[in-house]
>>> print(open('protein_25.csv').read())   # CSV, C-alpha atoms (C1' of nucleotides)
chain,number,residue,atom,x,y,z
A,1,MET,CA,-17.4,25.0,-17.0
A,2,PRO,CA,-16.0,27.8,-14.9
A,3,ARG,CA,-12.5,27.5,-13.7
A,4,GLN,CA,-11.4,28.7,-10.3
A,5,GLY,CA,-10.1,32.1,-11.2
A,6,LYS,CA,-8.9,34.5,-8.6
A,7,GLU,CA,-11.9,33.9,-6.3
A,8,GLY,CA,-12.1,30.1,-6.8
A,9,ARG,CA,-13.5,27.7,-4.3
A,10,LYS,CA,-11.2,26.6,-1.6
A,11,ILE,CA,-10.8,23.2,-0.1
A,12,ASP,CA,-13.0,22.6,2.9
A,13,GLY,CA,-10.8,22.5,6.0
A,14,ALA,CA,-12.4,19.3,7.2
A,15,ARG,CA,-11.2,17.5,4.1
A,16,LEU,CA,-7.6,18.4,3.8
A,17,PRO,CA,-5.3,16.0,1.9
A,18,GLU,CA,-3.8,15.1,5.3
A,19,ARG,CA,-6.6,12.5,5.4
A,20,PHE,CA,-5.0,10.7,2.5
A,21,GLY,CA,-1.4,11.3,3.5
A,22,ARG,CA,-2.2,9.4,6.7
A,23,ALA,CA,-3.5,6.5,4.7
A,24,ARG,CA,-0.3,6.2,2.7
A,25,ALA,CA,1.9,6.4,5.8
A,26,ALA,CA,-0.2,3.9,7.6
A,27,GLN,CA,0.1,1.5,4.7
A,28,ALA,CA,3.9,1.6,4.8
A,29,MET,CA,3.9,1.1,8.6
A,30,ALA,CA,1.5,-1.9,8.2
A,31,LEU,CA,4.1,-4.0,6.4
A,32,THR,CA,6.8,-3.1,8.9
A,33,GLU,CA,4.5,-4.1,11.8
A,34,ASP,CA,3.5,-7.3,10.2
A,35,TYR,CA,7.1,-8.4,9.6
A,36,VAL,CA,8.2,-7.4,13.1
A,37,GLU,CA,5.4,-9.3,14.7
A,38,LEU,CA,6.0,-12.3,12.5
A,39,ILE,CA,9.7,-12.3,13.4
A,40,SER,CA,8.8,-12.1,17.0
A,41,ASP,CA,6.4,-15.0,16.6
A,42,LEU,CA,9.0,-17.2,14.9
A,43,ILE,CA,11.6,-16.5,17.5
A,44,ALA,CA,9.2,-17.4,20.3
A,45,GLU,CA,8.2,-20.6,18.5
A,46,PHE,CA,11.5,-21.8,17.1
A,47,GLY,CA,14.2,-19.8,18.8
A,48,GLU,CA,15.1,-18.0,15.5
A,49,ALA,CA,13.5,-16.4,12.5
A,50,ARG,CA,14.9,-17.5,9.2
A,51,ILE,CA,14.4,-15.8,5.8
A,52,ALA,CA,12.8,-18.9,4.4
A,53,ASP,CA,10.2,-19.2,7.1
A,54,ILE,CA,9.5,-15.5,7.1
A,55,ALA,CA,9.0,-15.6,3.3
A,56,GLN,CA,6.7,-18.6,3.5
A,57,ARG,CA,4.5,-17.2,6.2
A,58,VAL,CA,4.2,-13.8,4.6
A,59,GLY,CA,3.5,-15.5,1.3
A,60,VAL,CA,6.3,-13.9,-0.7
A,61,THR,CA,9.5,-15.3,-2.3
A,62,HIS,CA,12.6,-15.2,-0.3
A,63,PRO,CA,14.2,-12.3,-2.1
A,64,THR,CA,11.2,-10.2,-1.3
A,65,ALA,CA,11.5,-11.1,2.4
A,66,THR,CA,15.2,-10.3,2.2
A,67,LYS,CA,14.4,-6.8,0.9
A,68,ALA,CA,11.9,-6.3,3.7
A,69,ILE,CA,14.4,-7.4,6.3
A,70,ALA,CA,16.9,-5.0,4.8
A,71,ARG,CA,14.4,-2.2,5.3
A,72,LEU,CA,13.8,-3.3,8.9
A,73,LYS,CA,17.6,-3.2,9.5
A,74,ARG,CA,17.8,0.3,8.0
A,75,GLU,CA,15.1,1.4,10.4
A,76,GLY,CA,16.9,-0.1,13.3
A,77,LEU,CA,14.3,-2.7,14.1
A,78,ALA,CA,16.1,-5.9,13.2
A,79,SER,CA,19.6,-7.3,12.8
A,80,SER,CA,21.1,-10.2,10.9
A,81,ARG,CA,24.4,-11.5,9.5
A,82,PRO,CA,24.9,-13.3,6.3
A,83,TYR,CA,23.5,-16.8,6.3
A,84,ARG,CA,22.2,-16.5,9.8
A,85,GLY,CA,18.7,-15.8,11.2
A,86,VAL,CA,17.0,-12.5,11.7
A,87,PHE,CA,16.7,-10.9,15.2
A,88,LEU,CA,14.9,-8.0,16.6
A,89,THR,CA,16.6,-5.0,18.2
A,90,ASP,CA,15.2,-3.7,21.4
A,91,ALA,CA,13.2,-1.2,19.4
A,92,GLY,CA,11.9,-4.0,17.2
A,93,ALA,CA,10.9,-6.2,20.1
A,94,ALA,CA,9.1,-3.3,21.7
A,95,LEU,CA,7.2,-2.6,18.5
A,96,ALA,CA,6.3,-6.2,18.2
A,97,GLU,CA,4.9,-6.2,21.7
A,98,ARG,CA,2.8,-3.1,21.0
A,99,VAL,CA,1.5,-4.6,17.8
A,100,ARG,CA,0.6,-7.8,19.5
A,101,ALA,CA,-1.2,-6.1,22.3
A,102,ARG,CA,-3.1,-3.8,19.9
A,103,HIS,CA,-4.1,-6.8,17.8
A,104,ARG,CA,-5.6,-8.6,20.9
A,105,ILE,CA,-7.6,-5.5,21.8
A,106,VAL,CA,-9.0,-5.0,18.4
A,107,VAL,CA,-10.0,-8.6,18.2
A,108,ASP,CA,-11.6,-8.5,21.6
A,109,VAL,CA,-13.6,-5.4,20.8
A,110,LEU,CA,-14.8,-6.9,17.5
A,111,VAL,CA,-15.9,-10.1,19.3
A,112,ALA,CA,-17.5,-8.0,22.1
A,113,ILE,CA,-19.6,-6.2,19.4
A,114,GLY,CA,-20.7,-9.5,18.0
A,115,VAL,CA,-18.3,-10.3,15.2
A,116,PRO,CA,-17.5,-14.1,15.0
A,117,ARG,CA,-14.1,-14.8,16.4
A,118,GLU,CA,-12.6,-16.1,13.2
A,119,THR,CA,-13.9,-13.1,11.1
A,120,ALA,CA,-12.6,-10.8,13.9
A,121,GLU,CA,-9.1,-12.3,13.6
A,122,LEU,CA,-9.1,-11.8,9.8
A,123,ASP,CA,-10.4,-8.3,9.7
A,124,ALA,CA,-8.3,-7.2,12.7
A,125,GLU,CA,-5.2,-8.1,10.7
A,126,GLY,CA,-6.0,-5.2,8.3
A,127,MET,CA,-7.8,-2.8,10.6
A,128,GLU,CA,-5.4,-2.8,13.5
A,129,HIS,CA,-2.8,-0.8,11.6
A,130,HIS,CA,-5.2,2.1,11.4
A,131,VAL,CA,-6.2,2.2,15.0
A,132,SER,CA,-4.8,5.4,16.6
A,133,ASP,CA,-3.7,5.6,20.2
A,134,ALA,CA,-6.8,7.6,21.0
A,135,THR,CA,-9.1,4.9,19.5
A,136,LEU,CA,-7.1,2.2,21.2
A,137,LYS,CA,-7.6,3.9,24.5
A,138,ALA,CA,-11.3,4.1,23.9
A,139,PHE,CA,-11.3,0.4,23.0
A,140,LYS,CA,-9.6,-0.5,26.3
A,141,ALA,CA,-12.1,1.6,28.3
A,142,TYR,CA,-14.9,-0.2,26.5
A,143,LEU,CA,-13.6,-3.6,27.2
A,144,ARG,CA,-13.1,-2.7,30.9
A,145,LYS,CA,-16.6,-1.5,31.2
A,146,LYS,CA,-18.0,-4.6,29.4
A,147,ALA,CA,-16.1,-6.9,31.8
B,148,MET,CA,21.2,-24.6,13.0
B,149,PRO,CA,19.3,-27.6,11.6
B,150,ARG,CA,17.6,-27.1,8.2
B,151,GLN,CA,14.3,-28.5,7.4
B,152,GLY,CA,15.4,-31.6,5.6
B,153,LYS,CA,12.8,-34.1,4.4
B,154,GLU,CA,10.8,-34.0,7.6
B,155,GLY,CA,11.0,-30.3,8.1
B,156,ARG,CA,8.4,-28.3,10.1
B,157,LYS,CA,5.3,-27.3,8.2
B,158,ILE,CA,3.4,-24.1,8.3
B,159,ASP,CA,0.6,-24.1,10.7
B,160,GLY,CA,-2.7,-24.1,8.9
B,161,ALA,CA,-4.1,-21.1,10.9
B,162,ARG,CA,-1.3,-18.9,9.7
B,163,LEU,CA,-1.3,-19.5,6.0
B,164,PRO,CA,0.1,-16.7,3.8
B,165,GLU,CA,-3.5,-16.0,2.8
B,166,ARG,CA,-3.6,-13.7,5.8
B,167,PHE,CA,-1.1,-11.4,4.2
B,168,GLY,CA,-2.3,-11.8,0.6
B,169,ARG,CA,-5.6,-10.4,1.9
B,170,ALA,CA,-3.8,-7.3,3.2
B,171,ARG,CA,-2.1,-6.7,-0.1
B,172,ALA,CA,-5.3,-7.0,-2.1
B,173,ALA,CA,-7.2,-4.8,0.3
B,174,GLN,CA,-4.6,-2.1,0.0
B,175,ALA,CA,-5.0,-1.9,-3.7
B,176,MET,CA,-8.8,-1.8,-3.3
B,177,ALA,CA,-8.5,1.0,-0.7
B,178,LEU,CA,-7.2,3.5,-3.2
B,179,THR,CA,-9.8,2.7,-5.7
B,180,GLU,CA,-12.5,3.1,-3.1
B,181,ASP,CA,-11.1,6.4,-1.9
B,182,TYR,CA,-11.0,7.9,-5.4
B,183,VAL,CA,-14.5,6.7,-6.3
B,184,GLU,CA,-16.0,8.1,-3.2
B,185,LEU,CA,-14.2,11.3,-3.7
B,186,ILE,CA,-15.4,11.7,-7.2
B,187,SER,CA,-18.9,11.0,-6.1
B,188,ASP,CA,-18.5,13.7,-3.4
B,189,LEU,CA,-17.3,16.2,-5.9
B,190,ILE,CA,-20.1,15.5,-8.3
B,191,ALA,CA,-22.6,15.9,-5.6
B,192,GLU,CA,-21.1,19.1,-4.4
B,193,PHE,CA,-20.1,20.8,-7.6
B,194,GLY,CA,-21.9,18.9,-10.4
B,195,GLU,CA,-18.6,17.6,-11.7
B,196,ALA,CA,-15.3,16.1,-10.6
B,197,ARG,CA,-12.2,17.7,-12.1
B,198,ILE,CA,-8.7,16.4,-12.1
B,199,ALA,CA,-7.4,19.5,-10.3
B,200,ASP,CA,-9.9,19.1,-7.5
B,201,ILE,CA,-9.4,15.4,-7.2
B,202,ALA,CA,-5.7,15.9,-7.0
B,203,GLN,CA,-5.9,18.6,-4.4
B,204,ARG,CA,-8.2,16.7,-2.2
B,205,VAL,CA,-6.3,13.5,-2.4
B,206,GLY,CA,-3.1,15.4,-1.8
B,207,VAL,CA,-1.2,14.4,-4.9
B,208,THR,CA,-0.1,16.2,-8.0
B,209,HIS,CA,-2.5,16.3,-11.0
B,210,PRO,CA,-0.5,13.8,-13.1
B,211,THR,CA,-0.8,11.3,-10.2
B,212,ALA,CA,-4.5,11.8,-10.1
B,213,THR,CA,-4.7,11.4,-13.9
B,214,LYS,CA,-3.0,8.1,-13.6
B,215,ALA,CA,-5.4,7.0,-10.9
B,216,ILE,CA,-8.4,8.0,-13.0
B,217,ALA,CA,-6.9,6.1,-15.9
B,218,ARG,CA,-6.9,3.0,-13.7
B,219,LEU,CA,-10.5,3.6,-12.7
B,220,LYS,CA,-11.4,3.8,-16.4
B,221,ARG,CA,-9.6,0.6,-17.1
B,222,GLU,CA,-11.6,-1.0,-14.4
B,223,GLY,CA,-14.9,0.3,-15.7
B,224,LEU,CA,-15.6,2.5,-12.7
B,225,ALA,CA,-15.2,5.9,-14.3
B,226,SER,CA,-15.3,7.7,-17.6
B,227,SER,CA,-13.8,10.9,-18.9
B,228,ARG,CA,-12.9,12.7,-22.1
B,229,PRO,CA,-9.9,14.9,-22.7
B,230,TYR,CA,-10.1,18.3,-20.9
B,231,ARG,CA,-13.5,17.4,-19.5
B,232,GLY,CA,-14.4,16.3,-16.0
B,233,VAL,CA,-14.5,12.7,-14.6
B,234,PHE,CA,-17.7,10.8,-14.2
B,235,LEU,CA,-18.6,7.5,-12.6
B,236,THR,CA,-20.1,4.6,-14.4
B,237,ASP,CA,-23.1,2.8,-12.9
B,238,ALA,CA,-20.6,0.4,-11.4
B,239,GLY,CA,-18.5,3.3,-10.0
B,240,ALA,CA,-21.5,5.0,-8.5
B,241,ALA,CA,-22.7,1.8,-6.9
B,242,LEU,CA,-19.3,1.3,-5.4
B,243,ALA,CA,-19.2,4.8,-4.1
B,244,GLU,CA,-22.6,4.3,-2.4
B,245,ARG,CA,-21.4,1.1,-0.8
B,246,VAL,CA,-18.3,2.7,0.4
B,247,ARG,CA,-20.1,5.7,1.8
B,248,ALA,CA,-22.6,3.5,3.7
B,249,ARG,CA,-19.8,1.4,5.1
B,250,HIS,CA,-17.9,4.5,6.2
B,251,ARG,CA,-20.9,5.8,8.1
B,252,ILE,CA,-21.5,2.5,9.8
B,253,VAL,CA,-17.8,2.2,10.9
B,254,VAL,CA,-17.8,5.7,12.3
B,255,ASP,CA,-21.1,5.1,14.1
B,256,VAL,CA,-19.8,2.0,15.7
B,257,LEU,CA,-16.6,3.7,16.8
B,258,VAL,CA,-18.6,6.5,18.3
B,259,ALA,CA,-21.0,4.1,20.0
B,260,ILE,CA,-18.0,2.4,21.6
B,261,GLY,CA,-16.7,5.7,22.9
B,262,VAL,CA,-14.3,7.0,20.4
B,263,PRO,CA,-14.4,10.8,19.9
B,264,ARG,CA,-16.2,11.6,16.7
B,265,GLU,CA,-13.3,13.4,15.1
B,266,THR,CA,-10.9,10.5,15.9
B,267,ALA,CA,-13.5,8.1,14.7
B,268,GLU,CA,-13.7,9.9,11.3
B,269,LEU,CA,-9.9,9.8,10.9
B,270,ASP,CA,-9.5,6.2,11.9
B,271,ALA,CA,-12.5,5.0,10.0
B,272,GLU,CA,-10.9,6.3,6.8
B,273,GLY,CA,-8.2,3.7,7.1
B,274,MET,CA,-10.1,0.9,8.9
B,275,GLU,CA,-13.2,0.8,6.7
B,276,HIS,CA,-11.4,-0.8,3.8
B,277,HIS,CA,-10.7,-3.9,5.9
B,278,VAL,CA,-14.2,-4.4,7.2
B,279,SER,CA,-15.5,-7.5,5.6
B,280,ASP,CA,-19.2,-8.0,4.8
B,281,ALA,CA,-19.5,-10.3,7.8
B,282,THR,CA,-18.1,-7.7,10.2
B,283,LEU,CA,-20.3,-5.0,8.6
B,284,LYS,CA,-23.3,-7.1,9.2
B,285,ALA,CA,-22.3,-7.5,12.9
B,286,PHE,CA,-21.8,-3.8,13.1
B,287,LYS,CA,-25.3,-3.1,11.8
B,288,ALA,CA,-26.8,-5.5,14.2
B,289,TYR,CA,-24.9,-3.9,17.0
B,290,LEU,CA,-26.1,-0.4,16.1
B,291,ARG,CA,-29.7,-1.6,15.8
B,292,LYS,CA,-29.5,-3.1,19.3
B,293,LYS,CA,-27.9,0.0,20.7
B,294,ALA,CA,-30.6,2.3,19.3
C,295,DA,C1',-9.9,39.3,-30.1
C,296,DA,C1',-5.5,38.9,-27.7
C,297,DA,C1',-3.3,38.1,-23.6
C,298,DA,C1',-3.1,36.0,-19.4
C,299,DT,C1',-4.4,32.3,-16.4
C,300,DA,C1',-6.0,27.8,-15.2
C,301,DA,C1',-6.5,23.1,-16.2
C,302,DT,C1',-5.2,19.0,-18.5
C,303,DG,C1',-2.1,16.0,-20.9
C,304,DA,C1',2.4,13.5,-21.8
C,305,DA,C1',7.1,12.2,-20.9
C,306,DG,C1',10.5,10.7,-18.0
C,307,DC,C1',12.4,9.6,-13.4
C,308,DA,C1',12.3,7.6,-8.5
C,309,DT,C1',11.0,4.4,-5.0
C,310,DA,C1',8.7,0.3,-3.0
C,311,DG,C1',7.4,-4.2,-3.1
C,312,DG,C1',6.7,-8.0,-6.0
C,313,DC,C1',9.0,-11.7,-9.1
C,314,DT,C1',12.5,-15.1,-11.6
C,315,DA,C1',17.0,-16.8,-12.4
C,316,DC,C1',21.3,-17.9,-11.0
C,317,DA,C1',25.4,-17.9,-7.7
C,318,DT,C1',27.0,-19.0,-3.2
C,319,DT,C1',27.2,-20.8,1.4
C,320,DT,C1',25.7,-24.0,4.9
C,321,DA,C1',24.0,-28.2,6.6
C,322,DT,C1',22.7,-33.3,5.8
C,323,DT,C1',23.4,-37.6,4.4
C,324,DA,C1',25.3,-41.2,1.8
D,325,DT,C1',34.6,-36.7,3.5
D,326,DA,C1',32.2,-36.0,-0.8
D,327,DA,C1',27.9,-35.4,-2.7
D,328,DT,C1',23.4,-33.6,-2.2
D,329,DA,C1',19.9,-30.7,-0.5
D,330,DA,C1',18.5,-26.5,1.6
D,331,DA,C1',19.0,-21.8,2.6
D,332,DT,C1',20.6,-17.4,1.6
D,333,DG,C1',22.4,-13.8,-1.3
D,334,DT,C1',22.5,-11.0,-5.7
D,335,DA,C1',21.1,-9.1,-10.1
D,336,DG,C1',17.8,-7.7,-13.0
D,337,DC,C1',13.0,-7.0,-14.3
D,338,DC,C1',8.0,-5.6,-13.6
D,339,DT,C1',4.1,-2.8,-11.9
D,340,DA,C1',2.1,0.7,-9.0
D,341,DT,C1',2.1,5.1,-7.2
D,342,DG,C1',4.5,9.1,-6.5
D,343,DC,C1',7.0,13.3,-8.5
D,344,DT,C1',8.9,17.2,-11.8
D,345,DT,C1',8.9,19.4,-16.1
D,346,DC,C1',7.2,21.0,-20.2
D,347,DA,C1',3.5,21.2,-23.9
D,348,DT,C1',-1.2,21.8,-25.0
D,349,DT,C1',-6.0,23.2,-24.6
D,350,DA,C1',-9.8,25.9,-22.2
D,351,DT,C1',-11.5,29.7,-20.0
D,352,DT,C1',-11.2,34.4,-18.2
D,353,DT,C1',-9.9,38.9,-18.4
D,354,DT,C1',-8.3,42.9,-20.4
>>> encode(input="protein_25.csv", output="structure tokens")
Amino acid sequence: MPRQGKEGRKIDGARLPERFGRARAAQAMALTEDYVELISDLIAEFGEARIADIAQRVGVTHPTATKAIARLKREGLASSRPYRGVFLTDAGAALAERVRARHRIVVDVLVAIGVPRETAELDAEGMEHHVSDATLKAFKAYLRKKA
Amino acid sequence: MPRQGKEGRKIDGARLPERFGRARAAQAMALTEDYVELISDLIAEFGEARIADIAQRVGVTHPTATKAIARLKREGLASSRPYRGVFLTDAGAALAERVRARHRIVVDVLVAIGVPRETAELDAEGMEHHVSDATLKAFKAYLRKKA
DNA sequence: AAAATAATGAAGCATAGGCTACATTTATTA
DNA sequence: TAATAAATGTAGCCTATGCTTCATTATTTT
């Protein structure tokens, strides 16, 4: 089979690797978003978010949760002191709020389209992390129009 | 702060870790789906899928692509011989076709809702892997109704 | 056909997110 | 208050997916 040589085929502009780089970045952000939202939920529900509860809800062992929290702290989204609960910084709380709002919108759009509510909740959990601001804006407009 | 003790609070049924386990599994599947679809594209376009082209399009170095292909082979989705191109097994080709069809539907739904085509293509790339069969079915019904 | 170029393979390292096992600290309870 | 139970911390290992570097094999080109 011929190799590319000096005049070899070039990558089509519409299919640059950027497409996949996005996916990898989004995946990293997804975990962050999930943890932050969960911490926010726990604080709202119990007044604090503890490693054991976080681990249990995420479905990992506590050392794994500890590592994740350490990452959030590195990123300035959470804070904690030894043997005490985990708290969100202002940045973390703001992120949690954005995530929560986006989640609601994604679910509402899916339901509006005809997806059963329960399925919508499950799928939104994975999909929401890949919804760009532009798409979110379109979703909001769609819901407004529908209402 | 009080610990759980013998009568500690229990996890709410609606928020079982399953939610997160799903996300982790989906993420693993996503890469598989992307590679399989890409190989299918390359074969359709050039008659063969070569490591170098796969790597370039995915945006990784060739050893990384080689590892990914090795995984596909382990999973029975692809085949290859040293210094030759990569091919899909029947299972791999079938998966590629399903992925392609789902991608189209997700993009079409986003566009129908009012998302700009280009944005829809980008976001669909990430979202599609989390669209369950149930949601896909609802998407199809929605598009039929719209048409 | 030899030399140069392109593609593939293989080895070794890094990082992220999992886990288990064990040490330590805090909170309950006897 | 001492003993027990629960929660947290720490260390070390595993797997997956990246990377760089270097060796090898194919293909082009001279």
>>> residues_around(input="protein_25.csv", residues="DT332 of chain D", least_positions_apart="2", cutoff="12 Å", atoms="only C-alpha atoms (C1' of nucleotides)", output="PyMOL selection string")
(chain A and resi 50-53+55+61-63+65-66+80-86) or (chain C and resi 317-320) or (chain D and resi 330+334)
>>> residues_around(input="protein_25.csv", residues="Val253 of chain B", least_positions_apart="3", cutoff="7 Å", atoms="only C-alpha atoms (C1' of nucleotides)", output="ChimeraX atom specification")
/B:249-250,256-257,271,275
>>> closest_residue(input="protein_25.csv", among="D:DG342, D:DA331, D:DT354, D:DT325", to="chain A", atoms="only C-alpha atoms (C1' of nucleotides)")
D:DA331
>>> atom_distance(input="protein_25.csv", atom1="atom C1' of DC338 of chain D", atom2="atom CA of Gly168 of chain B")
18.6 Å
>>> calpha_fit_and_write(input="protein_25.csv", fixed="chain B", moving="chain A", output="short mmCIF file (atom, residue, chain, number, x, y, z; two decimals) with C-alpha atoms, in the coordinates of the input")
data_model
loop_
_atom_site.label_atom_id
_atom_site.label_comp_id
_atom_site.auth_asym_id
_atom_site.auth_seq_id
_atom_site.Cartn_x
_atom_site.Cartn_y
_atom_site.Cartn_z
CA MET A 1 20.90 -24.63 13.13
CA PRO A 2 18.95 -27.49 11.64
CA ARG A 3 17.39 -27.00 8.31
CA GLN A 4 14.03 -28.44 7.39
CA GLY A 5 15.12 -31.59 5.68
CA LYS A 6 12.66 -34.12 4.47
CA GLU A 7 10.61 -34.05 7.70
CA GLY A 8 10.76 -30.25 8.25
CA ARG A 9 8.20 -28.27 10.10
CA LYS A 10 5.19 -27.24 8.17
CA ILE A 11 3.34 -24.00 8.25
CA ASP A 12 0.53 -23.92 10.75
CA GLY A 13 -2.77 -23.94 8.85
CA ALA A 14 -4.10 -21.05 10.87
CA ARG A 15 -1.32 -18.83 9.60
CA LEU A 16 -1.29 -19.35 5.91
CA PRO A 17 0.14 -16.56 3.71
CA GLU A 18 -3.46 -15.89 2.61
CA ARG A 19 -3.53 -13.58 5.66
CA PHE A 20 -0.98 -11.35 4.01
CA GLY A 21 -2.27 -11.71 0.47
CA ARG A 22 -5.54 -10.24 1.73
CA ALA A 23 -3.71 -7.28 3.14
CA ARG A 24 -2.07 -6.48 -0.17
CA ALA A 25 -5.33 -6.79 -2.10
CA ALA A 26 -7.15 -4.70 0.39
CA GLN A 27 -4.53 -2.00 0.09
CA ALA A 28 -4.99 -1.75 -3.68
CA MET A 29 -8.80 -1.65 -3.30
CA ALA A 30 -8.46 1.14 -0.65
CA LEU A 31 -7.13 3.65 -3.16
CA THR A 32 -9.78 2.75 -5.71
CA GLU A 33 -12.53 3.22 -3.08
CA ASP A 34 -11.15 6.46 -1.90
CA TYR A 35 -11.01 7.95 -5.41
CA VAL A 36 -14.49 6.70 -6.29
CA GLU A 37 -15.98 8.15 -3.19
CA LEU A 38 -14.15 11.41 -3.67
CA ILE A 39 -15.40 11.66 -7.25
CA SER A 40 -18.86 11.00 -6.07
CA ASP A 41 -18.50 13.69 -3.43
CA LEU A 42 -17.28 16.29 -5.93
CA ILE A 43 -20.04 15.56 -8.35
CA ALA A 44 -22.67 15.94 -5.63
CA GLU A 45 -21.09 19.20 -4.47
CA PHE A 46 -20.14 20.85 -7.74
CA GLY A 47 -21.90 18.94 -10.47
CA GLU A 48 -18.54 17.58 -11.84
CA ALA A 49 -15.26 16.16 -10.68
CA ARG A 50 -12.24 17.73 -12.24
CA ILE A 51 -8.66 16.35 -12.21
CA ALA A 52 -7.41 19.42 -10.43
CA ASP A 53 -9.86 19.19 -7.59
CA ILE A 54 -9.44 15.46 -7.28
CA ALA A 55 -5.64 15.91 -7.10
CA GLN A 56 -5.90 18.65 -4.50
CA ARG A 57 -8.23 16.77 -2.23
CA VAL A 58 -6.29 13.55 -2.42
CA GLY A 59 -3.11 15.51 -1.84
CA VAL A 60 -1.25 14.39 -4.95
CA THR A 61 -0.11 16.24 -8.12
CA HIS A 62 -2.38 16.23 -11.02
CA PRO A 63 -0.48 13.69 -13.06
CA THR A 64 -0.78 11.25 -10.24
CA ALA A 65 -4.56 11.78 -10.12
CA THR A 66 -4.64 11.36 -13.88
CA LYS A 67 -2.95 7.95 -13.56
CA ALA A 68 -5.43 6.93 -10.89
CA ILE A 69 -8.35 7.98 -13.03
CA ALA A 70 -6.88 5.99 -15.88
CA ARG A 71 -6.87 2.94 -13.65
CA LEU A 72 -10.48 3.60 -12.63
CA LYS A 73 -11.43 3.79 -16.35
CA ARG A 74 -9.63 0.50 -17.04
CA GLU A 75 -11.65 -1.09 -14.27
CA GLY A 76 -14.84 0.26 -15.65
CA LEU A 77 -15.62 2.51 -12.73
CA ALA A 78 -15.21 5.94 -14.27
CA SER A 79 -15.29 7.69 -17.63
CA SER A 80 -13.83 10.90 -18.98
CA ARG A 81 -12.88 12.64 -22.24
CA PRO A 82 -9.93 14.80 -22.83
CA TYR A 83 -10.13 18.14 -21.09
CA ARG A 84 -13.44 17.35 -19.52
CA GLY A 85 -14.42 16.19 -16.00
CA VAL A 86 -14.44 12.71 -14.61
CA PHE A 87 -17.73 10.73 -14.18
CA LEU A 88 -18.66 7.55 -12.57
CA THR A 89 -20.13 4.57 -14.42
CA ASP A 90 -23.04 2.82 -12.89
CA ALA A 91 -20.63 0.37 -11.33
CA GLY A 92 -18.59 3.25 -9.95
CA ALA A 93 -21.57 5.03 -8.48
CA ALA A 94 -22.71 1.82 -6.86
CA LEU A 95 -19.28 1.29 -5.32
CA ALA A 96 -19.24 4.80 -4.09
CA GLU A 97 -22.57 4.30 -2.40
CA ARG A 98 -21.38 1.11 -0.69
CA VAL A 99 -18.23 2.81 0.47
CA ARG A 100 -20.13 5.72 1.84
CA ALA A 101 -22.57 3.57 3.69
CA ARG A 102 -19.79 1.37 5.13
CA HIS A 103 -17.89 4.47 6.24
CA ARG A 104 -20.99 5.79 8.18
CA ILE A 105 -21.39 2.44 9.93
CA VAL A 106 -17.84 2.17 10.97
CA VAL A 107 -17.89 5.66 12.31
CA ASP A 108 -21.09 5.06 14.18
CA VAL A 109 -19.81 1.88 15.77
CA LEU A 110 -16.57 3.60 16.83
CA VAL A 111 -18.55 6.48 18.40
CA ALA A 112 -20.97 3.96 20.02
CA ILE A 113 -17.92 2.26 21.68
CA GLY A 114 -16.74 5.57 22.99
CA VAL A 115 -14.27 6.88 20.44
CA PRO A 116 -14.52 10.74 20.02
CA ARG A 117 -16.30 11.60 16.85
CA GLU A 118 -13.40 13.36 15.22
CA THR A 119 -10.91 10.49 16.01
CA ALA A 120 -13.59 8.04 14.73
CA GLU A 121 -13.77 9.88 11.39
CA LEU A 122 -9.96 9.79 11.01
CA ASP A 123 -9.40 6.21 11.93
CA ALA A 124 -12.47 5.00 10.00
CA GLU A 125 -10.88 6.39 6.85
CA GLY A 126 -8.15 3.70 7.13
CA MET A 127 -10.02 0.91 8.87
CA GLU A 128 -13.13 0.83 6.75
CA HIS A 129 -11.31 -0.71 3.80
CA HIS A 130 -10.60 -3.78 5.86
CA VAL A 131 -14.06 -4.35 7.16
CA SER A 132 -15.48 -7.55 5.58
CA ASP A 133 -19.13 -8.02 4.79
CA ALA A 134 -19.43 -10.38 7.72
CA THR A 135 -17.98 -7.76 10.15
CA LEU A 136 -20.12 -5.08 8.59
CA LYS A 137 -23.17 -7.15 9.20
CA ALA A 138 -22.20 -7.63 12.79
CA PHE A 139 -21.66 -3.88 13.09
CA LYS A 140 -25.18 -3.17 11.79
CA ALA A 141 -26.72 -5.69 14.23
CA TYR A 142 -24.84 -3.98 17.03
CA LEU A 143 -25.98 -0.57 16.15
CA ARG A 144 -29.61 -1.80 15.88
CA LYS A 145 -29.45 -3.34 19.25
CA LYS A 146 -27.83 -0.22 20.80
CA ALA A 147 -30.61 1.99 19.36
#
>>> interface_residues(input="protein_25.csv", of="chain B", to="chain A", cutoff="8 Å", atoms="all atoms listed in the file", output="number ranges by chain")
B: 158, 162-168, 170, 174, 203-206, 260-263, 266-267, 269-279, 281-282, 285-286, 289
>>> closest_residue(input="protein_25.csv", among="C:DA321, C:DA315, C:DA308, C:DA301", to="DT349 of chain D", atoms="all atoms listed in the file")
C:DA301
>>> closest_residue(input="protein_25.csv", among="B:Thr211, B:Thr236, B:Thr179, B:Ser187", to="chain C", atoms="only C-alpha atoms (C1' of nucleotides)")
B:Thr211
>>> interface_residues(input="protein_25.csv", of="chain D", to="chain B", cutoff="12 Å", atoms="all atoms listed in the file", output="count of residues only")
14
>>> interface_residues(input="protein_25.csv", of="chain C", to="chain B", cutoff="12 Å", atoms="all atoms listed in the file", output="VMD selection string")
chain C and resid 300 to 305 311 to 312 320 to 323
>>> atom_distance(input="protein_25.csv", atom1="atom CA of Arg98 of chain A", atom2="atom CA of Ala78 of chain A")
15.7 Å
>>> atom_distance(input="protein_25.csv", atom1="atom CA of Arg144 of chain A", atom2="atom CA of Ala91 of chain A")
28.7 Å
